[in-house]
Amino acid sequence: MSTTTGTTTGTTPTTASTAAAGGAGTSTRLLMRQVLPLDGDLDVLPLYVDTEPAVLDADKYEIGTNRNARELNAASMRQSTRSGRRLHPDQIESRTALRVTSGESLSFGTYFNAFPASYWRRWSVVSAVRLTVRLRGRGASLVVYKSMARGNSQRVDAVTTGDQDGGTFSFDLTLKPFVDGGWYWYDVLAGDDDVVVESAEWTAEVPAERAQHGTVDIAITTMNRPDFCAELLVQIGEDDALRPLLDEVLVMEQGTDLVSDSEHFPAAREALGDTLRVIEQGNLGGSGGYARGQLESVRKGTATYTMMMDDDVVCEPEGIVRAVTFGDLARRPTIVGGHMFNIYSRSRLHSFGEIVQPWRFWWQSAPGVFHDWDFAARNLRSSRWLHQRIDVDFNGWFMCLVPRQVLEEVGLSLPLFLKWDDSEFGLRAKKAGYPTVTFPGAAVWHVPWSDKNDALDWQSYFHYRNRLVAALLHSPYPKGGRMVRESLNHQIAHLVSMQYSTAELRLRALEDVFAGPEALHAQLATKLPEVRAFVKQFPDAQLEVDPDAFPSVRRQKPPRKGRDDTGVPGRKATLLAAALMPLRQLRPVRELSRRHPEAEVPAMDAKWYRLAKYDSAVVSMNDGTSAAFYQRDPERFRDLMKRTLESHDRLRREWPRLAEEYRASLGAITSPEAWEETLRPWRGTR
């Protein structure tokens, strides 16, 4: 059981040093410290400090198997528990200090300030931690809590400053009871006077050989986002806690609008100095950019880790420090990933951990995880599911720390250009015995995937081809599980939706998969312009920004009984549409639909069962910037359907042979030598 070690006038050592209490063979390391927002943004404050009482949702075993009860509980779990109480920006006194006003209580049981005990328990050499909190002010109470995997919290210990004007309080806390989940955190209650929580640090006694921190090469791939990228470099370079951990910051410049031309770049250069290196190369996609960073890091051989990071993120620099620290103390070389928050709604978390579902071979949140979780509505202490440890298959490369040892042993990125490079790498590393941990308290803010639709337009080629390649490499099922069937279903959905460019690109992707893995490197620099040129001939790929670029909506026949068409059909209606809509595509088109769209369909409603009802429609894109004029073409539909059925039959028959071929080539195509050859035209460019 945890105990209080007493009040002192000094602080616990926070840098690696020989620990007198721990014996000659250990050192004290700082695992994590209390932090507050860098910019004082009130939208992100719920990720750092919780002003609300805990209102825990129901346990799933109390609910039982009743479907209605489970759905009702799931809906109630997303209901806000907030009373509207907010902190004043002036209460944030520094990066680490917060003032609690008289009579108020605040909890640090939050995403960035609670201690993720179960992750340290499962994956690290740490078995116990010491929490040291410095308070300034009379009559303040400090209470330490822990939670179990089921979300129930328990009071561990409490102290008060009494009549003293503050003090430093330490608590020794074991990690033993956190096998399945759970956190530690602390609450502070101010008495008659304001109290300032000046700092809080979580330290541990670790083996002496783990005393020194590792260093990291940060690899950022950028293309035509100069200001975003330069501002990110400033964030990284100006953080005092992060700077000592940086070996090099590598920017793979693949665009024409250069980061070095940004007005923010001089500040980035000043902050990072010789640590910053900008490498210009052709547009080889994310995998080509990250592979360049990985190659430079491996060949240089001076950094412990390489961290992949997107160029269009806002980062919490402390998260990088925590990722490196966790990597240093992991039991075995471990990939440490961060979480993604929504850059437009900054308290919303994309996912708490992701897996590749093996039967479908598709990304999804891990079991028990709620997608798009709003911490401003319901914070950690009120969300039962957040207390279980979430184990993952991979972490997105928007923020992902990979030990150099793992890169040296399992290879670099696959040459996939766009999508699936990060998830394939996680699966490959997992097979080699190197786990991935998506680590709470390490995160960036990024444009959410839900605001993109990379299953359409030119991106659909890479999305589909890369998924097939990853499945051939890692699917545990002899013929890919549900992969072939689902691919066929998706292809038919695109066809009945009049998305002929996407259907054609998917067939081209399939043909390139049949051609084998040898062409992946050769096509890396040429496939994108080829694909973009090809889709220009299709109306559904010709995007217009101006709404007046399209003719007005007209229909020969009004909707049946004036019915609204935006509802979500039930299962029976969906199955009936799946059976009948392909047949409808063979019917002659209505003449007026060639000159005027029959409807305007917003992106959120552009589902196959809705689009299949029209002979033409103006359909907007997910990013809200443009739209296209879709037109039904029976002859093109016949041709594409015939080729679709033939190619999927071939894929089903040849899956075992293709899987064997791709798996045999994996080591060669991900080797540093293969990437050096691909990158030869740009190697040495600074």
# chains A, B, ... in the order shown; residues from 1 in each chain; ligands from 1
$ closest_atom_pairs --of "segment 249-346 of chain A" --to "segment 192-208 of chain A" --cutoff "12 Å" --atoms "only C-alpha atoms" --output "CSV"
residue,atom,partner,partner_atom,distance
A:Arg322,CA,A:Trp202,CA,11.4
A:Thr325,CA,A:Thr203,CA,11.2
A:Phe326,CA,A:Ala204,CA,11.8
A:Asp328,CA,A:Val206,CA,10.5
A:Leu329,CA,A:Val206,CA,8.1
A:Ala330,CA,A:Val206,CA,11.1
A:Arg331,CA,A:Pro207,CA,11.6
$ closest_atom_pairs --of "segment 371-451 of chain A" --to "segment 140-161 of chain A" --cutoff "6 Å" --atoms "only C-alpha atoms" --output "CSV"
residue,atom,partner,partner_atom,distance
A:Arg384,CA,A:Gly151,CA,4.4
A:His387,CA,A:Ala149,CA,5.0
A:Gln388,CA,A:Ala149,CA,4.4
$ residues_around --residues "Val553 of chain A" --least-positions-apart "5" --cutoff "9 Å" --atoms "only C-alpha atoms" --output "mmCIF file with N, CA and C atoms, in the first residue's frame"
data_model
loop_
_atom_site.group_PDB
_atom_site.id
_atom_site.type_symbol
_atom_site.label_atom_id
_atom_site.label_comp_id
_atom_site.auth_asym_id
_atom_site.auth_seq_id
_atom_site.Cartn_x
_atom_site.Cartn_y
_atom_site.Cartn_z
ATOM 1 N N HIS A 596 -28.701 18.363 -66.715
ATOM 2 C CA HIS A 596 -28.935 18.913 -65.380
ATOM 3 C C HIS A 596 -28.811 17.808 -64.333
ATOM 4 N N PRO A 597 -28.119 18.074 -63.249
ATOM 5 C CA PRO A 597 -28.070 17.075 -62.163
ATOM 6 C C PRO A 597 -29.453 16.897 -61.549
ATOM 7 N N GLU A 598 -29.734 15.691 -61.129
ATOM 8 C CA GLU A 598 -31.026 15.409 -60.521
ATOM 9 C C GLU A 598 -31.062 15.760 -59.028
ATOM 10 N N ALA A 599 -29.898 15.985 -58.449
ATOM 11 C CA ALA A 599 -29.847 16.325 -57.020
ATOM 12 C C ALA A 599 -28.487 16.917 -56.689
ATOM 13 N N GLU A 600 -28.429 17.619 -55.585
ATOM 14 C CA GLU A 600 -27.174 18.025 -54.961
ATOM 15 C C GLU A 600 -27.037 17.222 -53.680
ATOM 16 N N ALA A 617 -25.850 13.608 -60.404
ATOM 17 C CA ALA A 617 -25.914 14.375 -59.157
ATOM 18 C C ALA A 617 -24.633 15.184 -58.993
ATOM 19 N N VAL A 618 -24.757 16.337 -58.355
ATOM 20 C CA VAL A 618 -23.590 17.108 -57.944
ATOM 21 C C VAL A 618 -23.266 16.684 -56.520
#
$ closest_residue --among "A:Thr81, A:Asn622, A:Ser351, A:Gln235" --to "Glu316 of chain A" --atoms "only C-alpha atoms"
A:Gln235
$ residues_around --residues "Trp445 of chain A" --least-positions-apart "4" --cutoff "10 Å" --atoms "only C-alpha atoms" --output "list of chain:residue names"
A:Asp312, A:Val313, A:Val314, A:Cys315, A:Glu316, A:His339, A:Met340, A:Phe341, A:Asn342, A:Ile343, A:Tyr344, A:Ser345, A:Arg346, A:Ser347, A:Arg348, A:Leu349, A:His350, A:Phe398
$ select_by_dssp --residues "segment 6-229 of chain A" --states "alpha helix (DSSP H)" --output "mmCIF file with N, CA and C atoms, in the first residue's frame"
data_model
loop_
_atom_site.group_PDB
_atom_site.id
_atom_site.type_symbol
_atom_site.label_atom_id
_atom_site.label_comp_id
_atom_site.auth_asym_id
_atom_site.auth_seq_id
_atom_site.Cartn_x
_atom_site.Cartn_y
_atom_site.Cartn_z
ATOM 1 N N LYS A 60 -20.156 -2.563 -17.534
ATOM 2 C CA LYS A 60 -20.795 -3.389 -18.565
ATOM 3 C C LYS A 60 -21.347 -4.695 -18.001
ATOM 4 N N TYR A 61 -20.761 -5.205 -16.939
ATOM 5 C CA TYR A 61 -21.262 -6.454 -16.359
ATOM 6 C C TYR A 61 -22.528 -6.229 -15.533
ATOM 7 N N GLU A 62 -22.716 -4.998 -15.070
ATOM 8 C CA GLU A 62 -23.973 -4.669 -14.404
ATOM 9 C C GLU A 62 -25.106 -4.545 -15.418
ATOM 10 N N ILE A 63 -24.755 -4.100 -16.624
ATOM 11 C CA ILE A 63 -25.756 -3.930 -17.674
ATOM 12 C C ILE A 63 -26.180 -5.271 -18.245
ATOM 13 N N ARG A 67 -29.460 -5.814 -25.266
ATOM 14 C CA ARG A 67 -28.950 -4.920 -26.300
ATOM 15 C C ARG A 67 -29.411 -3.482 -26.104
ATOM 16 N N ASN A 68 -30.667 -3.303 -25.768
ATOM 17 C CA ASN A 68 -31.180 -1.948 -25.570
ATOM 18 C C ASN A 68 -30.487 -1.255 -24.414
ATOM 19 N N ALA A 69 -30.244 -2.019 -23.337
ATOM 20 C CA ALA A 69 -29.562 -1.441 -22.182
ATOM 21 C C ALA A 69 -28.135 -1.042 -22.539
ATOM 22 N N ARG A 70 -27.457 -1.888 -23.319
ATOM 23 C CA ARG A 70 -26.079 -1.582 -23.716
ATOM 24 C C ARG A 70 -26.028 -0.342 -24.603
ATOM 25 N N GLU A 71 -26.946 -0.242 -25.542
ATOM 26 C CA GLU A 71 -26.968 0.921 -26.433
ATOM 27 C C GLU A 71 -27.311 2.193 -25.665
ATOM 28 N N LEU A 72 -28.230 2.076 -24.713
ATOM 29 C CA LEU A 72 -28.587 3.239 -23.899
ATOM 30 C C LEU A 72 -27.403 3.686 -23.054
ATOM 31 N N ASN A 73 -26.669 2.731 -22.473
ATOM 32 C CA ASN A 73 -25.501 3.086 -21.670
ATOM 33 C C ASN A 73 -24.413 3.715 -22.528
ATOM 34 N N ALA A 74 -24.202 3.159 -23.741
ATOM 35 C CA ALA A 74 -23.191 3.721 -24.632
ATOM 36 C C ALA A 74 -23.533 5.167 -24.990
ATOM 37 N N ALA A 75 -24.817 5.432 -25.207
ATOM 38 C CA ALA A 75 -25.231 6.804 -25.507
ATOM 39 C C ALA A 75 -25.039 7.708 -24.297
ATOM 40 N N SER A 76 -25.380 7.189 -23.110
ATOM 41 C CA SER A 76 -25.240 8.012 -21.900
ATOM 42 C C SER A 76 -23.780 8.294 -21.581
ATOM 43 N N MET A 77 -22.894 7.376 -21.967
ATOM 44 C CA MET A 77 -21.471 7.576 -21.713
ATOM 45 C C MET A 77 -20.920 8.791 -22.448
ATOM 46 N N ALA A 117 -0.460 4.309 -14.896
ATOM 47 C CA ALA A 117 0.261 3.286 -14.133
ATOM 48 C C ALA A 117 0.258 1.931 -14.826
ATOM 49 N N SER A 118 -0.860 1.561 -15.464
ATOM 50 C CA SER A 118 -0.934 0.218 -16.050
ATOM 51 C C SER A 118 0.033 0.050 -17.214
ATOM 52 N N TYR A 119 0.306 1.122 -17.955
ATOM 53 C CA TYR A 119 1.240 1.026 -19.081
ATOM 54 C C TYR A 119 2.671 0.852 -18.568
ATOM 55 N N TRP A 120 3.001 1.592 -17.520
ATOM 56 C CA TRP A 120 4.322 1.416 -16.917
ATOM 57 C C TRP A 120 4.444 0.027 -16.295
ATOM 58 N N ARG A 121 3.374 -0.456 -15.680
ATOM 59 C CA ARG A 121 3.387 -1.783 -15.054
ATOM 60 C C ARG A 121 3.610 -2.887 -16.086
ATOM 61 N N ARG A 122 2.929 -2.783 -17.233
ATOM 62 C CA ARG A 122 2.975 -3.849 -18.229
ATOM 63 C C ARG A 122 4.254 -3.840 -19.060
ATOM 64 N N TRP A 123 4.706 -2.670 -19.455
ATOM 65 C CA TRP A 123 5.732 -2.617 -20.490
ATOM 66 C C TRP A 123 7.111 -2.165 -20.026
ATOM 67 N N PRO A 226 4.417 24.987 -45.734
ATOM 68 C CA PRO A 226 5.613 25.609 -45.149
ATOM 69 C C PRO A 226 5.376 26.235 -43.787
ATOM 70 N N ASP A 227 4.278 26.977 -43.623
ATOM 71 C CA ASP A 227 4.051 27.652 -42.344
ATOM 72 C C ASP A 227 3.753 26.656 -41.234
ATOM 73 N N PHE A 228 2.893 25.699 -41.526
ATOM 74 C CA PHE A 228 2.560 24.680 -40.537
ATOM 75 C C PHE A 228 3.827 23.967 -40.071
ATOM 76 N N CYS A 229 4.650 23.563 -41.030
ATOM 77 C CA CYS A 229 5.859 22.815 -40.706
ATOM 78 C C CYS A 229 6.851 23.669 -39.926
#
$ closest_residue --among "A:Leu495, A:Leu472, A:Leu645, A:Val545" --to "Gly516 of chain A" --atoms "only C-alpha atoms"
A:Leu472
$ closest_residue --among "A:Ala577, A:Arg138, A:Pro37, A:Ala376" --to "Asp163 of chain A" --atoms "only C-alpha atoms"
A:Arg138
$ residues_around --residues "Ala303 of chain A" --least-positions-apart "2" --cutoff "12 Å" --atoms "only C-alpha atoms" --output "number ranges by chain"
A: 213-219, 245-249, 293-294, 296-301, 305-307, 324, 401-405, 407
$ atom_distance --atom1 "atom CA of Arg571 of chain A" --atom2 "atom CA of Gly481 of chain A"
23.3 Å
$ closest_residue --among "A:Ala606, A:Leu520, A:Val100, A:Ala471" --to "Met498 of chain A" --atoms "only C-alpha atoms"
A:Ala606
$ residues_around --residues "Thr436 of chain A" --least-positions-apart "5" --cutoff "12 Å" --atoms "only C-alpha atoms" --output "CSV table (one decimal) with C-alpha atoms, in the first residue's frame"
chain,number,residue,atom,x,y,z
A,119,TYR,CA,1.2,1.0,-19.1
A,123,TRP,CA,5.7,-2.6,-20.5
A,323,ALA,CA,7.8,8.9,-25.3
A,326,PHE,CA,9.1,5.4,-21.7
A,327,GLY,CA,11.2,3.9,-24.6
A,330,ALA,CA,10.7,-0.4,-21.7
A,332,ARG,CA,12.4,-4.7,-24.5
A,333,PRO,CA,12.8,-2.4,-27.6
A,334,THR,CA,9.4,-0.9,-28.0
A,335,ILE,CA,7.6,1.4,-30.5
A,336,VAL,CA,6.0,4.2,-28.6
A,337,GLY,CA,3.2,6.0,-30.3
A,338,GLY,CA,1.2,9.1,-29.4
A,353,GLY,CA,-5.6,2.7,-29.7
A,354,GLU,CA,-5.9,1.0,-33.0
A,355,ILE,CA,-5.6,-2.6,-34.3
A,390,ILE,CA,-5.5,-0.7,-24.4
A,391,ASP,CA,-3.0,-2.9,-26.4
A,392,VAL,CA,-2.5,-2.1,-30.1
A,393,ASP,CA,-1.1,-3.5,-33.3
A,394,PHE,CA,0.4,-0.2,-34.6
A,395,ASN,CA,0.5,3.6,-34.2
A,396,GLY,CA,0.0,6.1,-36.9
A,400,CYS,CA,5.5,7.5,-33.5
A,401,LEU,CA,8.9,6.7,-31.9
A,402,VAL,CA,10.8,3.7,-33.2
A,403,PRO,CA,14.0,2.4,-31.7
A,406,VAL,CA,14.0,-2.1,-34.6
A,422,ASP,CA,2.7,2.7,-40.6
A,423,SER,CA,0.3,-0.1,-39.9
A,425,PHE,CA,5.4,-1.6,-40.1
A,426,GLY,CA,3.7,-2.2,-36.7
A,427,LEU,CA,2.5,-5.6,-37.8
A,428,ARG,CA,6.0,-6.5,-39.1
A,429,ALA,CA,7.7,-5.3,-35.9
A,430,LYS,CA,5.1,-7.3,-33.8
A,431,LYS,CA,6.0,-10.5,-35.7
$ closest_residue --among "A:Pro358, A:Gly288, A:Pro266, A:Pro116" --to "Tyr184 of chain A" --atoms "only C-alpha atoms"
A:Pro116
$ select_by_dssp --residues "segment 504-644 of chain A" --states "strand (DSSP E or B)" --output "PyMOL selection string"
chain A and resi 544+600-601+616-620+627-631
$ residues_around --residues "segment 270-283 of chain A" --least-positions-apart "6" --cutoff "6 Å" --atoms "only C-alpha atoms" --output "PyMOL selection string"
chain A and resi 237-238+248-254+682+685-686
$ closest_atom_pairs --of "segment 450-534 of chain A" --to "segment 633-637 of chain A" --cutoff "12 Å" --atoms "only C-alpha atoms" --output "tab-separated table"
residue	atom	partner	partner_atom	distance
A:Gln491	CA	A:Phe637	CA	11.3
A:Ile492	CA	A:Phe637	CA	9.6
A:Ala493	CA	A:Phe637	CA	11.6
A:His494	CA	A:Phe637	CA	10.3
A:Leu495	CA	A:Phe637	CA	6.6
A:Val496	CA	A:Phe637	CA	8.1
A:Ser497	CA	A:Phe637	CA	10.4
A:Met498	CA	A:Asp633	CA	7.6
A:Gln499	CA	A:Phe637	CA	10.0
A:Tyr500	CA	A:Phe637	CA	7.9
A:Ser501	CA	A:Arg636	CA	10.6
A:Ala503	CA	A:Phe637	CA	9.7
A:Glu504	CA	A:Arg636	CA	10.2
$ write_last_selection --atoms "N, CA and C atoms" --output "PDB file, in the first residue's frame"
ATOM      1  N   GLN A 491     -16.107  -2.317 -54.489  1.00  0.00           N
ATOM      2  CA  GLN A 491     -16.017  -1.971 -55.903  1.00  0.00           C
ATOM      3  C   GLN A 491     -17.414  -1.778 -56.502  1.00  0.00           C
ATOM      4  N   ILE A 492     -18.324  -2.674 -56.183  1.00  0.00           N
ATOM      5  CA  ILE A 492     -19.697  -2.544 -56.700  1.00  0.00           C
ATOM      6  C   ILE A 492     -20.360  -1.289 -56.131  1.00  0.00           C
ATOM      7  N   ALA A 493     -20.084  -0.964 -54.868  1.00  0.00           N
ATOM      8  CA  ALA A 493     -20.638   0.253 -54.280  1.00  0.00           C
ATOM      9  C   ALA A 493     -20.162   1.492 -55.036  1.00  0.00           C
ATOM     10  N   HIS A 494     -18.881   1.529 -55.413  1.00  0.00           N
ATOM     11  CA  HIS A 494     -18.384   2.658 -56.210  1.00  0.00           C
ATOM     12  C   HIS A 494     -19.069   2.698 -57.578  1.00  0.00           C
ATOM     13  N   LEU A 495     -19.303   1.551 -58.172  1.00  0.00           N
ATOM     14  CA  LEU A 495     -19.922   1.505 -59.499  1.00  0.00           C
ATOM     15  C   LEU A 495     -21.357   2.024 -59.469  1.00  0.00           C
ATOM     16  N   VAL A 496     -22.157   1.575 -58.514  1.00  0.00           N
ATOM     17  CA  VAL A 496     -23.544   2.045 -58.465  1.00  0.00           C
ATOM     18  C   VAL A 496     -23.615   3.499 -57.995  1.00  0.00           C
ATOM     19  N   SER A 497     -22.529   4.022 -57.426  1.00  0.00           N
ATOM     20  CA  SER A 497     -22.476   5.424 -57.000  1.00  0.00           C
ATOM     21  C   SER A 497     -21.977   6.348 -58.103  1.00  0.00           C
ATOM     22  N   MET A 498     -21.747   5.803 -59.296  1.00  0.00           N
ATOM     23  CA  MET A 498     -21.270   6.582 -60.453  1.00  0.00           C
ATOM     24  C   MET A 498     -19.845   7.085 -60.251  1.00  0.00           C
ATOM     25  N   GLN A 499     -19.085   6.443 -59.375  1.00  0.00           N
ATOM     26  CA  GLN A 499     -17.700   6.829 -59.108  1.00  0.00           C
ATOM     27  C   GLN A 499     -16.779   5.965 -59.981  1.00  0.00           C
ATOM     28  N   TYR A 500     -16.862   6.208 -61.289  1.00  0.00           N
ATOM     29  CA  TYR A 500     -16.164   5.348 -62.242  1.00  0.00           C
ATOM     30  C   TYR A 500     -14.653   5.540 -62.191  1.00  0.00           C
ATOM     31  N   SER A 501     -14.192   6.741 -61.897  1.00  0.00           N
ATOM     32  CA  SER A 501     -12.739   6.952 -61.809  1.00  0.00           C
ATOM     33  C   SER A 501     -12.144   6.128 -60.677  1.00  0.00           C
ATOM     34  N   ALA A 503     -13.431   3.351 -59.418  1.00  0.00           N
ATOM     35  CA  ALA A 503     -13.494   1.937 -59.797  1.00  0.00           C
ATOM     36  C   ALA A 503     -12.362   1.567 -60.758  1.00  0.00           C
ATOM     37  N   GLU A 504     -12.064   2.442 -61.711  1.00  0.00           N
ATOM     38  CA  GLU A 504     -10.967   2.182 -62.650  1.00  0.00           C
ATOM     39  C   GLU A 504      -9.626   2.145 -61.925  1.00  0.00           C
TER      40      GLU A 504
END
$ atom_distance --atom1 "atom CA of Pro569 of chain A" --atom2 "atom CA of Leu583 of chain A"
19.3 Å
